[in-house]
Amino acid sequence: MVLKIGVIGTGAIGQDHIRRISNTLSGAKIVAVTDVNAEQAHAVVKNENLDAKVYESGHEVINSNDVDAVIVTSWGPTHEEFVLASIAAGKPVFCEKPLATTAEGCKRIVDAELAHGKQLVQVGFMRRYDKGYRALKRVVDNGRIGEPLMVHCAHRAPSAPGCTGDMALTDSFPHEIDVLRWLLNDDYVSAQVILPRNTRFAAEGVQDPHIVLLETKQGIRIDTEIFVNCQYGYDIQCQVVGETGTANLPEPSSVLMRSEAKLSTEILVDWKDRFIDSYDVELQEWINCTVKGEMNGPSAWDGYVVAVTADACVEAKQTGQIVPISIPERPAFYSKQYVLQ
């Protein structure tokens, strides 16, 4: 079976997914696209030589009899609407983050999926598919460093054009929020945000960097530095400290150079280069599972938990207090644990 996919949103990430599904992955084809910029949607179909129809709206894509499954890569505030419509149509839907722009919106999606009675929603938290994070998880799950006690993380980007307000907490940090829950198989109970000296490279009125302190139900303490104007490169770090050892997220492979009296390796500067392979794995696994009628990736519940946690971090920043994170008991509907394939 070839999975026939409709894509809602043909911006940068939408075009990337269209290209990888059409040229790199197997088992699926793009049959429908739409974008608020109709000219752009037509251009993508032409440039990628797609045998696909351009629809006027996302709802037309979702309700098309030619479409088996939907990918939502449109503007964030439209995600909730299109995911809910996909559930109502009974069609599997892959939604890039955010699942919705509010925790309440994410909860409405969870409730709709529960009412439907079958998991249809996957959220694009691609770090779970990174080979480095998967290697780190195997070490943690196999008990090779004993029970985890602490985690030290850093999320650094060279610059952050367009980053305003609390986007470092609500747009950048959610990747850590999700992947650390998955890595530790644990949930959060509190958040604290510490504000270091501000970098002169931050936009006016924007705080950068942040230090986020999280505590999990098992008592694991997590500290994450979020520094989105670090200048030197795109640098993701994660160290798990266990009872009998430590385990670090592997560095991306690079050439060790001896030149000009220096021993050096290059550091990536583009987030897409850092995680390009994980996007391929993510979409291929989603296609494979969808064809089999399964859902094995980050769920709507995971999207909801990330939104609740991010909201708590924003409150912690604004109040300067340790903020409890109140996450309801996970419904049995979402009890299946993610399994590495």
# chains A, B, ... in the order shown; residues from 1 in each chain; ligands from 1

call {"tool": "closest_atom_pairs", "arguments": {"of": "range 27-92 of chain A", "to": "range 3-12 of chain A", "cutoff": "10 Å", "atoms": "only C-alpha atoms", "output": "CSV"}}
result
residue,atom,partner,partner_atom,distance
A:Gly27,CA,A:Leu3,CA,6.1
A:Ala28,CA,A:Leu3,CA,4.4
A:Lys29,CA,A:Lys4,CA,5.3
A:Ile30,CA,A:Ile5,CA,4.9
A:Val31,CA,A:Ile5,CA,5.8
A:Ala32,CA,A:Gly6,CA,4.4
A:Val33,CA,A:Val7,CA,4.7
A:Thr34,CA,A:Ile8,CA,5.2
A:Asp35,CA,A:Gly9,CA,4.7
A:Val36,CA,A:Gly9,CA,7.5
A:Asn37,CA,A:Thr10,CA,8.5
A:Ala38,CA,A:Thr10,CA,9.4
A:Gln40,CA,A:Thr10,CA,7.1
A:Ala41,CA,A:Thr10,CA,6.0
A:His42,CA,A:Thr10,CA,9.6
A:Ala43,CA,A:Thr10,CA,9.6
A:Val44,CA,A:Thr10,CA,7.3
A:Val45,CA,A:Thr10,CA,9.7
A:Ala52,CA,A:Gly6,CA,8.7
A:Lys53,CA,A:Gly6,CA,9.2
A:Val54,CA,A:Gly6,CA,9.6
A:Tyr55,CA,A:Ile8,CA,9.3
A:Ser57,CA,A:Ile8,CA,8.1
A:Gly58,CA,A:Ile8,CA,5.6
A:His59,CA,A:Ile8,CA,9.0
A:Glu60,CA,A:Gly6,CA,9.8
A:Val61,CA,A:Gly6,CA,6.0
A:Ile62,CA,A:Gly6,CA,7.2
A:Asn63,CA,A:Gly6,CA,9.9
A:Ser64,CA,A:Gly6,CA,8.7
A:Asp66,CA,A:Lys4,CA,7.0
A:Val67,CA,A:Lys4,CA,5.3
A:Asp68,CA,A:Lys4,CA,5.1
A:Ala69,CA,A:Ile5,CA,5.0
A:Val70,CA,A:Gly6,CA,4.9
A:Ile71,CA,A:Val7,CA,4.8
A:Val72,CA,A:Ile8,CA,5.0
A:Thr73,CA,A:Gly9,CA,4.9
A:Ser74,CA,A:Gly9,CA,4.0
A:Trp75,CA,A:Gly9,CA,7.4
A:Thr78,CA,A:Ile8,CA,9.9
A:His79,CA,A:Ile8,CA,9.5
A:Phe82,CA,A:Ile8,CA,8.4
A:Pro92,CA,A:Ile5,CA,9.7

call {"tool": "write_last_selection", "arguments": {"atoms": "N, CA and C atoms", "output": "compact mmCIF listing (two decimals), in the first residue's frame"}}
result
# COMPACT_ATOMS: atom_id res chain seq x y z
N GLY A 27 7.10 4.30 0.51
CA GLY A 27 5.79 3.91 1.01
C GLY A 27 4.73 4.99 1.01
N ALA A 28 5.06 6.17 0.47
CA ALA A 28 4.08 7.26 0.48
C ALA A 28 4.28 8.18 -0.71
N LYS A 29 3.25 8.94 -1.04
CA LYS A 29 3.34 9.95 -2.09
C LYS A 29 2.47 11.14 -1.72
N ILE A 30 2.87 12.32 -2.16
CA ILE A 30 2.10 13.54 -1.92
C ILE A 30 1.06 13.66 -3.03
N VAL A 31 -0.22 13.70 -2.65
CA VAL A 31 -1.30 13.80 -3.64
C VAL A 31 -2.08 15.09 -3.53
N ALA A 32 -1.85 15.87 -2.44
CA ALA A 32 -2.62 17.10 -2.25
C ALA A 32 -1.80 18.09 -1.44
N VAL A 33 -1.88 19.36 -1.78
CA VAL A 33 -1.22 20.42 -1.02
C VAL A 33 -2.12 21.63 -0.96
N THR A 34 -1.87 22.46 0.04
CA THR A 34 -2.55 23.75 0.12
C THR A 34 -1.70 24.70 0.93
N ASP A 35 -1.91 25.99 0.71
CA ASP A 35 -1.20 27.01 1.47
C ASP A 35 -2.02 28.30 1.36
N VAL A 36 -1.89 29.15 2.37
CA VAL A 36 -2.58 30.44 2.29
C VAL A 36 -2.07 31.24 1.10
N ASN A 37 -0.84 30.97 0.70
CA ASN A 37 -0.27 31.55 -0.52
C ASN A 37 -0.43 30.53 -1.64
N ALA A 38 -1.52 30.63 -2.36
CA ALA A 38 -1.83 29.64 -3.40
C ALA A 38 -0.75 29.59 -4.47
N GLN A 40 2.41 30.00 -4.08
CA GLN A 40 3.52 29.20 -3.56
C GLN A 40 3.19 27.71 -3.63
N ALA A 41 1.97 27.33 -3.29
CA ALA A 41 1.57 25.93 -3.35
C ALA A 41 1.70 25.39 -4.78
N HIS A 42 1.24 26.17 -5.75
CA HIS A 42 1.36 25.74 -7.16
C HIS A 42 2.83 25.63 -7.57
N ALA A 43 3.66 26.57 -7.09
CA ALA A 43 5.08 26.54 -7.43
C ALA A 43 5.76 25.30 -6.87
N VAL A 44 5.39 24.90 -5.65
CA VAL A 44 5.97 23.70 -5.05
C VAL A 44 5.61 22.46 -5.86
N VAL A 45 4.36 22.36 -6.25
CA VAL A 45 3.92 21.22 -7.06
C VAL A 45 4.72 21.16 -8.37
N ALA A 52 0.12 16.02 -7.87
CA ALA A 52 -0.70 16.41 -6.71
C ALA A 52 -1.62 17.56 -7.08
N LYS A 53 -2.76 17.59 -6.43
CA LYS A 53 -3.73 18.65 -6.65
C LYS A 53 -3.55 19.75 -5.61
N VAL A 54 -3.68 20.99 -6.04
CA VAL A 54 -3.63 22.12 -5.12
C VAL A 54 -5.05 22.48 -4.71
N TYR A 55 -5.31 22.42 -3.40
CA TYR A 55 -6.64 22.74 -2.88
C TYR A 55 -6.66 24.15 -2.30
N SER A 57 -8.13 25.08 0.53
CA SER A 57 -8.09 25.16 1.99
C SER A 57 -7.62 23.85 2.59
N GLY A 58 -7.20 23.93 3.84
CA GLY A 58 -6.80 22.74 4.55
C GLY A 58 -7.94 21.77 4.74
N HIS A 59 -9.13 22.30 4.95
CA HIS A 59 -10.29 21.43 5.15
C HIS A 59 -10.60 20.62 3.89
N GLU A 60 -10.39 21.22 2.73
CA GLU A 60 -10.60 20.47 1.48
C GLU A 60 -9.59 19.34 1.35
N VAL A 61 -8.36 19.59 1.76
CA VAL A 61 -7.34 18.53 1.74
C VAL A 61 -7.76 17.39 2.66
N ILE A 62 -8.15 17.73 3.86
CA ILE A 62 -8.52 16.72 4.86
C ILE A 62 -9.69 15.88 4.39
N ASN A 63 -10.66 16.51 3.77
CA ASN A 63 -11.88 15.81 3.39
C ASN A 63 -11.82 15.18 2.00
N SER A 64 -10.69 15.31 1.33
CA SER A 64 -10.55 14.71 0.00
C SER A 64 -10.53 13.19 0.09
N ASP A 66 -9.13 11.33 -1.90
CA ASP A 66 -7.82 10.87 -2.39
C ASP A 66 -6.76 10.87 -1.29
N VAL A 67 -7.05 11.49 -0.15
CA VAL A 67 -6.07 11.66 0.92
C VAL A 67 -6.29 10.63 2.03
N ASP A 68 -5.24 9.85 2.30
CA ASP A 68 -5.30 8.85 3.38
C ASP A 68 -4.86 9.44 4.72
N ALA A 69 -3.88 10.35 4.69
CA ALA A 69 -3.31 10.90 5.91
C ALA A 69 -2.86 12.33 5.65
N VAL A 70 -2.72 13.10 6.72
CA VAL A 70 -2.49 14.53 6.61
C VAL A 70 -1.21 14.92 7.34
N ILE A 71 -0.46 15.85 6.76
CA ILE A 71 0.67 16.49 7.43
C ILE A 71 0.36 17.97 7.57
N VAL A 72 0.44 18.47 8.80
CA VAL A 72 0.14 19.88 9.08
C VAL A 72 1.45 20.62 9.34
N THR A 73 1.81 21.50 8.42
CA THR A 73 3.02 22.31 8.56
C THR A 73 2.70 23.79 8.30
N SER A 74 1.49 24.16 8.61
CA SER A 74 1.03 25.54 8.41
C SER A 74 1.44 26.39 9.62
N TRP A 75 1.01 27.63 9.62
CA TRP A 75 1.27 28.57 10.72
C TRP A 75 0.74 27.98 12.03
N THR A 78 -2.89 27.78 13.38
CA THR A 78 -3.88 27.01 12.62
C THR A 78 -3.84 25.52 12.93
N HIS A 79 -2.83 25.07 13.68
CA HIS A 79 -2.63 23.64 13.89
C HIS A 79 -3.83 22.97 14.56
N PHE A 82 -6.82 22.30 12.19
CA PHE A 82 -6.63 21.25 11.19
C PHE A 82 -6.46 19.87 11.82
N PRO A 92 -5.33 9.79 10.00
CA PRO A 92 -4.07 10.01 10.73
C PRO A 92 -3.48 11.36 10.35

call {"tool": "closest_atom_pairs", "arguments": {"of": "range 153-230 of chain A", "to": "range 293-301 of chain A", "cutoff": "12 Å", "atoms": "only C-alpha atoms", "output": "Markdown table"}}
result
| residue | atom | partner | partner_atom | distance |
| --- | --- | --- | --- | --- |
| A:His175 | CA | A:Pro298 | CA | 11.5 |
| A:Asp178 | CA | A:Pro298 | CA | 8.5 |
| A:Val179 | CA | A:Pro298 | CA | 9.6 |
| A:Arg181 | CA | A:Pro298 | CA | 10.9 |
| A:Trp182 | CA | A:Pro298 | CA | 9.1 |

call {"tool": "residues_around", "arguments": {"residues": "Val305 in chain A", "least_positions_apart": "5", "cutoff": "9 Å", "atoms": "only C-alpha atoms", "output": "VMD selection string"}}
result
chain A and resid 103 106 177 to 178 187 300 310 327

call {"tool": "residues_around", "arguments": {"residues": "Met126 in chain A", "least_positions_apart": "2", "cutoff": "10 Å", "atoms": "only C-alpha atoms", "output": "PyMOL selection string"}}
result
chain A and resi 96-97+123-124+128-130+175+178-179+275-283+297-298

call {"tool": "residues_around", "arguments": {"residues": "Leu256 in chain A", "least_positions_apart": "3", "cutoff": "10 Å", "atoms": "only C-alpha atoms", "output": "ChimeraX atom specification"}}
result
/A:253,259,263-266
